[in-house]
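A.B. asks: The structure that follows is given in the form of structure tokens.
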Amino acid sequence: MAIRTVGVVGAGAMGAGVAQIALQGGLDVVLNDLSAEALAKAREGILGRLQRLAEKGQLDAEVLATADARLTTVVELAGLANCDLVVEAIVEAIEPKQALFAALEAVVGPDAILATNTSSLSVARIGARCARKGRVCGLHFFNPVPVMKLVEVVGTPDTSDGTLESATALMVLLGKTPVSVPDWPGFLVNLGGRAYVTEALHVLQEGVADVETVDRIMREAVGFRMGPFELMDLTGIDVNFPASTGIWAGFQNDPRIATTVRHQGLFNAGRFGRKTGQGFHAYGEAAVAGPEPRPADDGTSSLDAFLPESARLERLADFGLRPSESRSGVTVISLLGEDVTTACVRLGLDPQRTVAIDDTGLDRRFATLMTAPGANTALETVRTWLEARGFAVATVADSVGFVAPRLVAMIANLGCEMAQIGVASPADIDMGLKLGLNYPKGPLEFGTWMGPLRVFALLEGLQAITGSDRYRPSLWLRRRALLGLPLHTV
Ligand SMILES: NC(=O)c1ccc[n+]([C@@H]2O[C@H](COP(=O)([O-])OP(=O)(O)OC[C@H]3O[C@@H](n4cnc5c(N)ncnc54)[C@H](O)[C@@H]3O)[C@@H](O)[C@H]2O)c1
């Protein structure tokens, strides 16, 4: 079905964005809100942004010239009667959305499509009071709508193929990248995004590293634009805590996506992140100065390296980290699927003189060091030695998988599980998280980068040592890792 007139209900940030892109695409738009004031503000904002786009040469003069006439604003729902497709972007609550969908059905023509922009509610429940459920779908846009390319096109078991085809074709016409997803909690992006933030929260809860250290490792060693705690503070803990618990409950309390009590504690205290000045980090006046710079190496320390796998020894040697005569008596080890404690007991090493090094980020001259409880002197020796050789160093307490490999493995595992249960294809899962959350790599690409067998071994080690099913490997990952197949193999 060709869509010429788009209706938008709710003239807030999202609704105004949807109206804008439809106008940019040359379509007629009817924008509805209960508040005439909200409509006036949205109209001014939309036309102003279109004007600026035209000035920058990013919008055709003809499209701009007709935009004012093509945008109708109405406080009465009846004004949406001629729309071919209506996007709902009102408050995120089930009752008003259900009532609106039932009321819309009485207004629009029999073939009009009704789409919701909900992030966290079931599309089927929103359309539950509609007589023609085949026309109901989700069009989940990301904020800011004119900038973010991705749109999740959500189909319920009742959504007709024609509805999905028309909605998808419209998104392509409007310059978006649609991805087709089922009506499950978190759809693709918000579900896939659970691993990064909740595993960071588990690392924090275990006392492996503090908030600053985790954020720094994920930015500097892995290349995320924002660390997981910075990201949660930006989106707002009032948004991501309920989203986390809602998605976890929707997946029948799967421990792989469970959050922690610290997250809940901030939510309860109203420390929502940037918007309240305090969250995981402090902002504005509440912020404190960073740590003092560290003193330089006096040149007296040296190390011997004990590496159980020769390949990994060679990798460290690539970065100039060669074993040398021991004067300090410290042993540096590389680990996979074990914490330092377990490795020392297994190999008969002195835990007070053993330091594990994570090679993630060494090519960026960033190293993470980890020791068993009590090995502070050895840790300082290795840290000083590395810093003198130009490495930025983070130190963490004993953990299976340090911080970076652990978070990367959990991201990859959740991406594999999403492929296994049919949320989307491996390529769409990767694309969704790169476009929707600005990840430097998609989950399955992260798994490929780390190596499927290494991801699998790390998760098995985490599961065995922590005793938690949070770390159980996805069958998708297990089969491809054991068969030596690429993770994208379908
Ligand atoms: N903000 C985001 O980042 C984001 C991202 C994706 C999806 N969403 C979803 O989009 C929807 C809107 O979000 P927003 O941030 O634009 O909200 P907002 O609060 O900025 O705007 C909501 C608008 O809807 C109007 N409204 C409320 N009830 C109405 C009704 N019954 N009929 C007509 N208008 C009504 C309000 O007056 C307000 O202008 C929510 O469902 C939200 O979950 C938001």
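Labeling convention for the structure tokens: chains A, B, ... as they appear, residues from 1 per chain, ligands from 1 in order of appearance.
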Taking only C-alpha atoms and all ligand atoms into account, which residues have an atom no farther than 7 Å from ligand 1? I'd like them as number ranges by chain.
C.D. replies: A: 9-15, 32-35, 38, 89-92, 96, 100, 117-120, 140-143
A.B. asks: So which residues touch Ala131 of chain A within 12 Å, counting only C-alpha atoms, skipping near sequence neighbours fewer than 3 positions away, as a compact mmCIF listing (two decimals) with C-alpha atoms, in the first residue's frame?
C.D. replies:
```txt
# COMPACT_ATOMS: atom_id res chain seq x y z
CA PHE A 101 -5.47 2.45 19.55
CA ALA A 102 -9.14 1.55 20.03
CA ALA A 103 -10.15 5.18 19.45
CA LEU A 104 -7.91 5.47 16.36
CA GLU A 105 -9.50 2.41 14.80
CA ALA A 106 -12.87 4.18 14.91
CA PRO A 110 -10.13 0.10 7.21
CA LEU A 114 -1.52 1.70 13.30
CA GLY A 127 -3.42 -3.30 20.02
CA ALA A 128 -5.47 -5.69 22.15
CA GLY A 134 -3.44 -7.35 11.33
CA ARG A 135 -2.87 -3.60 10.88
CA VAL A 136 -1.11 -3.13 14.23
CA ASP A 158 -1.37 -11.09 14.33
```
A.B. asks: Using only C-alpha atoms, can you tell me which of A:Ala99, A:Val75, A:Val151, A:Ala392 comes closest to Arg129 of chain A?
C.D. replies: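 So, comparing all the options, the nearest one is A:Ala99.
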A.B. asks: I want to know what sits within 7 Å of segment 68-70 of chain A, based on only C-alpha atoms, with residues of the same chain fewer than 2 positions away left out; could you give that as a ChimeraX atom specification?
C.D. replies: /A:28-29,66,72
A.B. asks: Just all heavy atoms for this one: save the residues we selected as a compact mmCIF listing (two decimals), in the first residue's frame.
C.D. replies:
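And here is the file that came out, part.txt:
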```
# COMPACT_ATOMS: atom_id res chain seq x y z
N ASP A 28 2.54 14.12 3.36
CA ASP A 28 1.66 14.98 4.16
C ASP A 28 1.64 14.42 5.58
O ASP A 28 1.64 13.20 5.77
CB ASP A 28 0.23 14.97 3.60
CG ASP A 28 0.17 15.66 2.23
OD1 ASP A 28 1.09 16.45 1.94
OD2 ASP A 28 -0.77 15.38 1.47
N VAL A 29 1.60 15.33 6.56
CA VAL A 29 1.65 14.88 7.96
C VAL A 29 0.53 15.54 8.75
O VAL A 29 0.31 16.76 8.65
CB VAL A 29 3.02 15.24 8.59
CG1 VAL A 29 3.02 14.89 10.08
CG2 VAL A 29 4.15 14.52 7.87
N THR A 66 7.09 23.57 0.64
CA THR A 66 5.75 22.98 0.81
C THR A 66 5.51 22.42 2.21
O THR A 66 4.40 21.99 2.53
CB THR A 66 5.54 21.84 -0.22
OG1 THR A 66 6.59 20.87 -0.03
CG2 THR A 66 5.58 22.35 -1.65
N THR A 72 -0.22 19.51 9.12
CA THR A 72 -1.45 19.93 9.78
C THR A 72 -1.36 19.53 11.24
O THR A 72 -0.92 18.41 11.55
CB THR A 72 -2.67 19.20 9.16
OG1 THR A 72 -2.58 19.31 7.74
CG2 THR A 72 -3.98 19.76 9.66
```
A.B. asks: Step one, run DSSP on the backbone; step two, keep only residues of segment 81-210 of chain A assigned to strand (DSSP E or B); then write them as a PyMOL selection string.
C.D. replies: chain A and resi 85-88+113-116+136-141+150-155+177-182
A.B. asks: Can you tell me, as a PyMOL selection string, what residues are no more than 10 Å from Ala343 of chain A when counting only C-alpha atoms, ignoring any on the same chain fewer than 4 positions away?
C.D. replies: chain A and resi 308+333-339+347-349+351+354+356+372
A.B. asks: Based on the selection just made, write all heavy atoms of those residues as a compact mmCIF listing (two decimals), in the first residue's frame.
C.D. replies:
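Resulting contents of again.txt:
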```txt
# COMPACT_ATOMS: atom_id res chain seq x y z
N PRO A 308 51.36 -19.75 30.30
CA PRO A 308 51.05 -21.14 30.04
C PRO A 308 50.89 -21.47 28.55
O PRO A 308 51.13 -22.59 28.15
CB PRO A 308 49.76 -21.38 30.80
CG PRO A 308 49.23 -20.04 31.16
CD PRO A 308 50.36 -19.09 31.12
N ILE A 333 51.42 -13.76 34.33
CA ILE A 333 50.74 -14.83 33.60
C ILE A 333 49.62 -14.28 32.73
O ILE A 333 49.11 -13.20 32.96
CB ILE A 333 50.17 -15.93 34.55
CG1 ILE A 333 49.11 -15.33 35.48
CG2 ILE A 333 51.28 -16.60 35.33
CD1 ILE A 333 48.38 -16.38 36.31
N SER A 334 49.28 -15.07 31.72
CA SER A 334 48.14 -14.79 30.87
C SER A 334 47.07 -15.81 31.26
O SER A 334 47.40 -16.95 31.57
CB SER A 334 48.59 -14.97 29.43
OG SER A 334 47.51 -15.06 28.57
N LEU A 335 45.83 -15.42 31.27
CA LEU A 335 44.78 -16.32 31.76
C LEU A 335 43.63 -16.43 30.76
O LEU A 335 43.32 -15.47 30.07
CB LEU A 335 44.18 -15.77 33.06
CG LEU A 335 45.02 -15.86 34.32
CD1 LEU A 335 44.30 -15.14 35.45
CD2 LEU A 335 45.28 -17.30 34.69
N LEU A 336 43.00 -17.59 30.75
CA LEU A 336 41.75 -17.73 30.00
C LEU A 336 40.82 -18.65 30.78
O LEU A 336 41.13 -19.82 31.01
CB LEU A 336 42.01 -18.30 28.61
CG LEU A 336 40.75 -18.49 27.76
CD1 LEU A 336 40.05 -17.17 27.48
CD2 LEU A 336 41.08 -19.18 26.44
N GLY A 337 39.71 -18.14 31.21
CA GLY A 337 38.71 -18.96 31.88
C GLY A 337 39.05 -19.30 33.32
O GLY A 337 38.45 -20.20 33.90
N GLU A 338 40.03 -18.59 33.89
CA GLU A 338 40.38 -18.81 35.29
C GLU A 338 40.61 -17.46 35.94
O GLU A 338 41.00 -16.50 35.28
CB GLU A 338 41.70 -19.58 35.40
CG GLU A 338 41.60 -21.07 35.23
CD GLU A 338 42.96 -21.74 35.37
OE1 GLU A 338 43.95 -21.22 34.81
OE2 GLU A 338 43.03 -22.75 36.04
N ASP A 339 40.45 -17.41 37.28
CA ASP A 339 40.93 -16.24 37.99
C ASP A 339 42.35 -16.54 38.46
O ASP A 339 42.86 -17.66 38.29
CB ASP A 339 39.99 -15.84 39.14
CG ASP A 339 39.71 -16.96 40.11
OD1 ASP A 339 40.35 -18.04 39.99
OD2 ASP A 339 38.87 -16.77 41.00
N LEU A 347 48.68 -24.31 39.23
CA LEU A 347 50.04 -24.34 38.72
C LEU A 347 51.10 -24.32 39.82
O LEU A 347 52.30 -24.35 39.54
CB LEU A 347 50.27 -23.14 37.78
CG LEU A 347 49.37 -23.11 36.53
CD1 LEU A 347 49.41 -21.75 35.87
CD2 LEU A 347 49.78 -24.20 35.55
N GLY A 348 50.66 -24.23 41.07
CA GLY A 348 51.61 -24.18 42.19
C GLY A 348 52.41 -22.89 42.23
O GLY A 348 53.57 -22.88 42.65
N LEU A 349 51.81 -21.78 41.79
CA LEU A 349 52.50 -20.48 41.82
C LEU A 349 52.22 -19.79 43.16
O LEU A 349 51.20 -20.03 43.80
CB LEU A 349 51.97 -19.59 40.70
CG LEU A 349 52.24 -20.07 39.28
CD1 LEU A 349 51.45 -19.22 38.29
CD2 LEU A 349 53.73 -19.98 38.98
N PRO A 351 50.76 -17.02 45.04
CA PRO A 351 49.76 -16.01 44.69
C PRO A 351 50.16 -14.59 45.06
O PRO A 351 49.67 -13.62 44.48
CB PRO A 351 48.50 -16.44 45.46
CG PRO A 351 48.96 -17.41 46.48
CD PRO A 351 50.25 -18.00 46.01
N THR A 354 52.30 -13.29 41.93
CA THR A 354 51.78 -13.58 40.59
C THR A 354 50.84 -12.46 40.15
O THR A 354 49.96 -12.06 40.90
CB THR A 354 51.02 -14.93 40.60
OG1 THR A 354 51.92 -15.94 41.04
CG2 THR A 354 50.48 -15.28 39.22
N ALA A 356 48.43 -11.29 36.79
CA ALA A 356 47.87 -11.66 35.47
C ALA A 356 47.72 -10.40 34.63
O ALA A 356 47.35 -9.33 35.14
CB ALA A 356 46.52 -12.34 35.65
N ALA A 372 45.56 -12.04 42.80
CA ALA A 372 44.77 -12.68 43.85
C ALA A 372 44.75 -11.73 45.05
O ALA A 372 45.56 -10.79 45.12
CB ALA A 372 45.41 -14.02 44.21
```
A.B. asks: Would you pick out the contacts of Arg219 of chain A at 10 Å or less, using only C-alpha atoms, so that residues sharing its chain but fewer than 5 positions from it are not included, and give the list as a PDB file with N, CA and C atoms, in the first residue's frame?
C.D. replies:
```pdb
ATOM      1  N   THR A 213      37.109   2.746  36.711  1.00  0.00           N
ATOM      2  CA  THR A 213      38.023   1.786  36.079  1.00  0.00           C
ATOM      3  C   THR A 213      37.309   0.985  34.990  1.00  0.00           C
ATOM      4  N   VAL A 214      36.097   0.542  35.268  1.00  0.00           N
ATOM      5  CA  VAL A 214      35.353  -0.234  34.259  1.00  0.00           C
ATOM      6  C   VAL A 214      35.107   0.633  33.019  1.00  0.00           C
ATOM      7  N   PHE A 224      34.830   1.372  23.065  1.00  0.00           N
ATOM      8  CA  PHE A 224      33.477   1.916  23.197  1.00  0.00           C
ATOM      9  C   PHE A 224      33.568   3.433  23.328  1.00  0.00           C
ATOM     10  N   ARG A 225      32.575   4.130  22.769  1.00  0.00           N
ATOM     11  CA  ARG A 225      32.545   5.579  22.881  1.00  0.00           C
ATOM     12  C   ARG A 225      32.282   5.992  24.327  1.00  0.00           C
ATOM     13  N   MET A 226      31.453   5.202  25.009  1.00  0.00           N
ATOM     14  CA  MET A 226      31.153   5.473  26.412  1.00  0.00           C
ATOM     15  C   MET A 226      31.263   4.190  27.211  1.00  0.00           C
ATOM     16  N   GLY A 227      31.773   4.328  28.449  1.00  0.00           N
ATOM     17  CA  GLY A 227      31.774   3.181  29.345  1.00  0.00           C
ATOM     18  C   GLY A 227      30.346   2.856  29.759  1.00  0.00           C
ATOM     19  N   PRO A 228      30.122   1.638  30.296  1.00  0.00           N
ATOM     20  CA  PRO A 228      28.752   1.230  30.626  1.00  0.00           C
ATOM     21  C   PRO A 228      28.087   2.106  31.682  1.00  0.00           C
ATOM     22  N   GLY A 361      43.576  -4.645  24.330  1.00  0.00           N
ATOM     23  CA  GLY A 361      43.960  -3.239  24.371  1.00  0.00           C
ATOM     24  C   GLY A 361      45.457  -3.008  24.351  1.00  0.00           C
ATOM     25  N   ALA A 404      37.465  -6.418  30.531  1.00  0.00           N
ATOM     26  CA  ALA A 404      37.133  -6.319  29.103  1.00  0.00           C
ATOM     27  C   ALA A 404      36.736  -7.675  28.499  1.00  0.00           C
TER      28      ALA A 404
END
```
A.B. asks: Select, from A:Leu444, A:Ala195, A:Met171, A:Leu53, the residue with the minimum atom-to-atom distance to His488 of chain A, counting only C-alpha atoms.
C.D. replies: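 Among A:Leu444, A:Ala195, A:Met171, A:Leu53, it is A:Leu444 that comes nearest to His488 of chain A.
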A.B. asks: Would you mind listing what lies within 12 Å of Val340 of chain A as a VMD selection string, with only C-alpha atoms counted and same-chain residues fewer than 6 positions away left out?
C.D. replies: chain A and resid 331 to 334 346 to 358 369 to 375 396 to 402 465
A.B. asks: Now that the selection is made, can you save its residues with C-alpha atoms as a CSV table (one decimal), in the first residue's frame?
C.D. replies:
```csv
chain,number,residue,atom,x,y,z
A,331,THR,CA,55.6,-13.9,37.7
A,332,VAL,CA,53.4,-12.5,35.0
A,333,ILE,CA,50.7,-14.8,33.6
A,334,SER,CA,48.1,-14.8,30.9
A,346,ARG,CA,46.5,-25.3,39.8
A,347,LEU,CA,50.0,-24.3,38.7
A,348,GLY,CA,51.6,-24.2,42.2
A,349,LEU,CA,52.5,-20.5,41.8
A,350,ASP,CA,52.9,-18.1,44.8
A,351,PRO,CA,49.8,-16.0,44.7
A,352,GLN,CA,51.5,-13.1,46.4
A,353,ARG,CA,54.1,-12.9,43.6
A,354,THR,CA,51.8,-13.6,40.6
A,355,VAL,CA,50.2,-10.9,38.4
A,356,ALA,CA,47.9,-11.7,35.5
A,357,ILE,CA,47.9,-9.4,32.4
A,358,ASP,CA,45.0,-8.9,30.0
A,369,LEU,CA,46.5,-6.2,35.6
A,370,MET,CA,44.9,-8.5,38.1
A,371,THR,CA,46.1,-10.3,41.2
A,372,ALA,CA,44.8,-12.7,43.8
A,373,PRO,CA,43.8,-11.0,47.2
A,374,GLY,CA,46.8,-9.6,49.0
A,375,ALA,CA,49.4,-9.4,46.2
A,396,VAL,CA,41.5,-4.9,39.0
A,397,ALA,CA,40.8,-7.4,41.7
A,398,ASP,CA,40.6,-11.2,41.0
A,399,SER,CA,38.0,-12.0,38.4
A,400,VAL,CA,37.4,-14.7,35.8
A,401,GLY,CA,38.0,-12.7,32.5
A,402,PHE,CA,39.3,-9.5,34.0
A,465,ILE,CA,34.1,-20.7,39.2
```
A.B. asks: Can you pull out every residue within 7 Å of segment 175-180 of chain A, counting only C-alpha atoms, but drop anything in the same chain fewer than 6 positions away, and send it as a ChimeraX atom specification?
C.D. replies: /A:149-154,168,428
A.B. asks: Keeping only N, CA and C atoms, take the residues you just selected and write them out as a PDB file, in the first residue's frame.
C.D. replies:
```pdb
ATOM      1  N   LYS A 149      19.572   6.211  12.296  1.00  0.00           N
ATOM      2  CA  LYS A 149      19.151   5.522  11.069  1.00  0.00           C
ATOM      3  C   LYS A 149      18.221   4.337  11.339  1.00  0.00           C
ATOM      4  N   LEU A 150      18.450   3.673  12.473  1.00  0.00           N
ATOM      5  CA  LEU A 150      17.757   2.401  12.693  1.00  0.00           C
ATOM      6  C   LEU A 150      16.295   2.596  13.093  1.00  0.00           C
ATOM      7  N   VAL A 151      15.438   1.726  12.587  1.00  0.00           N
ATOM      8  CA  VAL A 151      14.057   1.623  13.079  1.00  0.00           C
ATOM      9  C   VAL A 151      13.726   0.138  13.216  1.00  0.00           C
ATOM     10  N   GLU A 152      13.245  -0.254  14.389  1.00  0.00           N
ATOM     11  CA  GLU A 152      12.809  -1.637  14.584  1.00  0.00           C
ATOM     12  C   GLU A 152      11.355  -1.741  14.132  1.00  0.00           C
ATOM     13  N   VAL A 153      11.101  -2.618  13.176  1.00  0.00           N
ATOM     14  CA  VAL A 153       9.735  -2.859  12.701  1.00  0.00           C
ATOM     15  C   VAL A 153       9.236  -4.107  13.422  1.00  0.00           C
ATOM     16  N   VAL A 154       8.281  -3.905  14.320  1.00  0.00           N
ATOM     17  CA  VAL A 154       7.872  -4.978  15.229  1.00  0.00           C
ATOM     18  C   VAL A 154       6.573  -5.618  14.761  1.00  0.00           C
ATOM     19  N   THR A 168       7.743  -1.247   6.386  1.00  0.00           N
ATOM     20  CA  THR A 168       9.171  -1.359   6.082  1.00  0.00           C
ATOM     21  C   THR A 168       9.519  -0.503   4.858  1.00  0.00           C
ATOM     22  N   ASP A 428      21.757  -8.805  11.197  1.00  0.00           N
ATOM     23  CA  ASP A 428      20.858  -7.765  11.710  1.00  0.00           C
ATOM     24  C   ASP A 428      21.130  -7.473  13.189  1.00  0.00           C
TER      25      ASP A 428
END
```
A.B. asks: Which one is closest to Asp359 of chain A: A:Phe280, A:Val222, A:Leu266, A:Phe272? Count only C-alpha atoms.
C.D. replies: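 Under the stated criterion, the closest residue is A:Val222.
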A.B. asks: Can you measure atom CA of Pro440 of chain A to atom CA of Ala424 of chain A for me? One decimal in Å is fine.
C.D. replies: 19.3 Å
A.B. asks: Between A:Val490, A:Gly246, A:Val408, A:Leu459, which is the closest to Lys441 of chain A once you count only C-alpha atoms?
C.D. replies: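 Ranked by minimum distance to Lys441 of chain A, first place goes to A:Val408.
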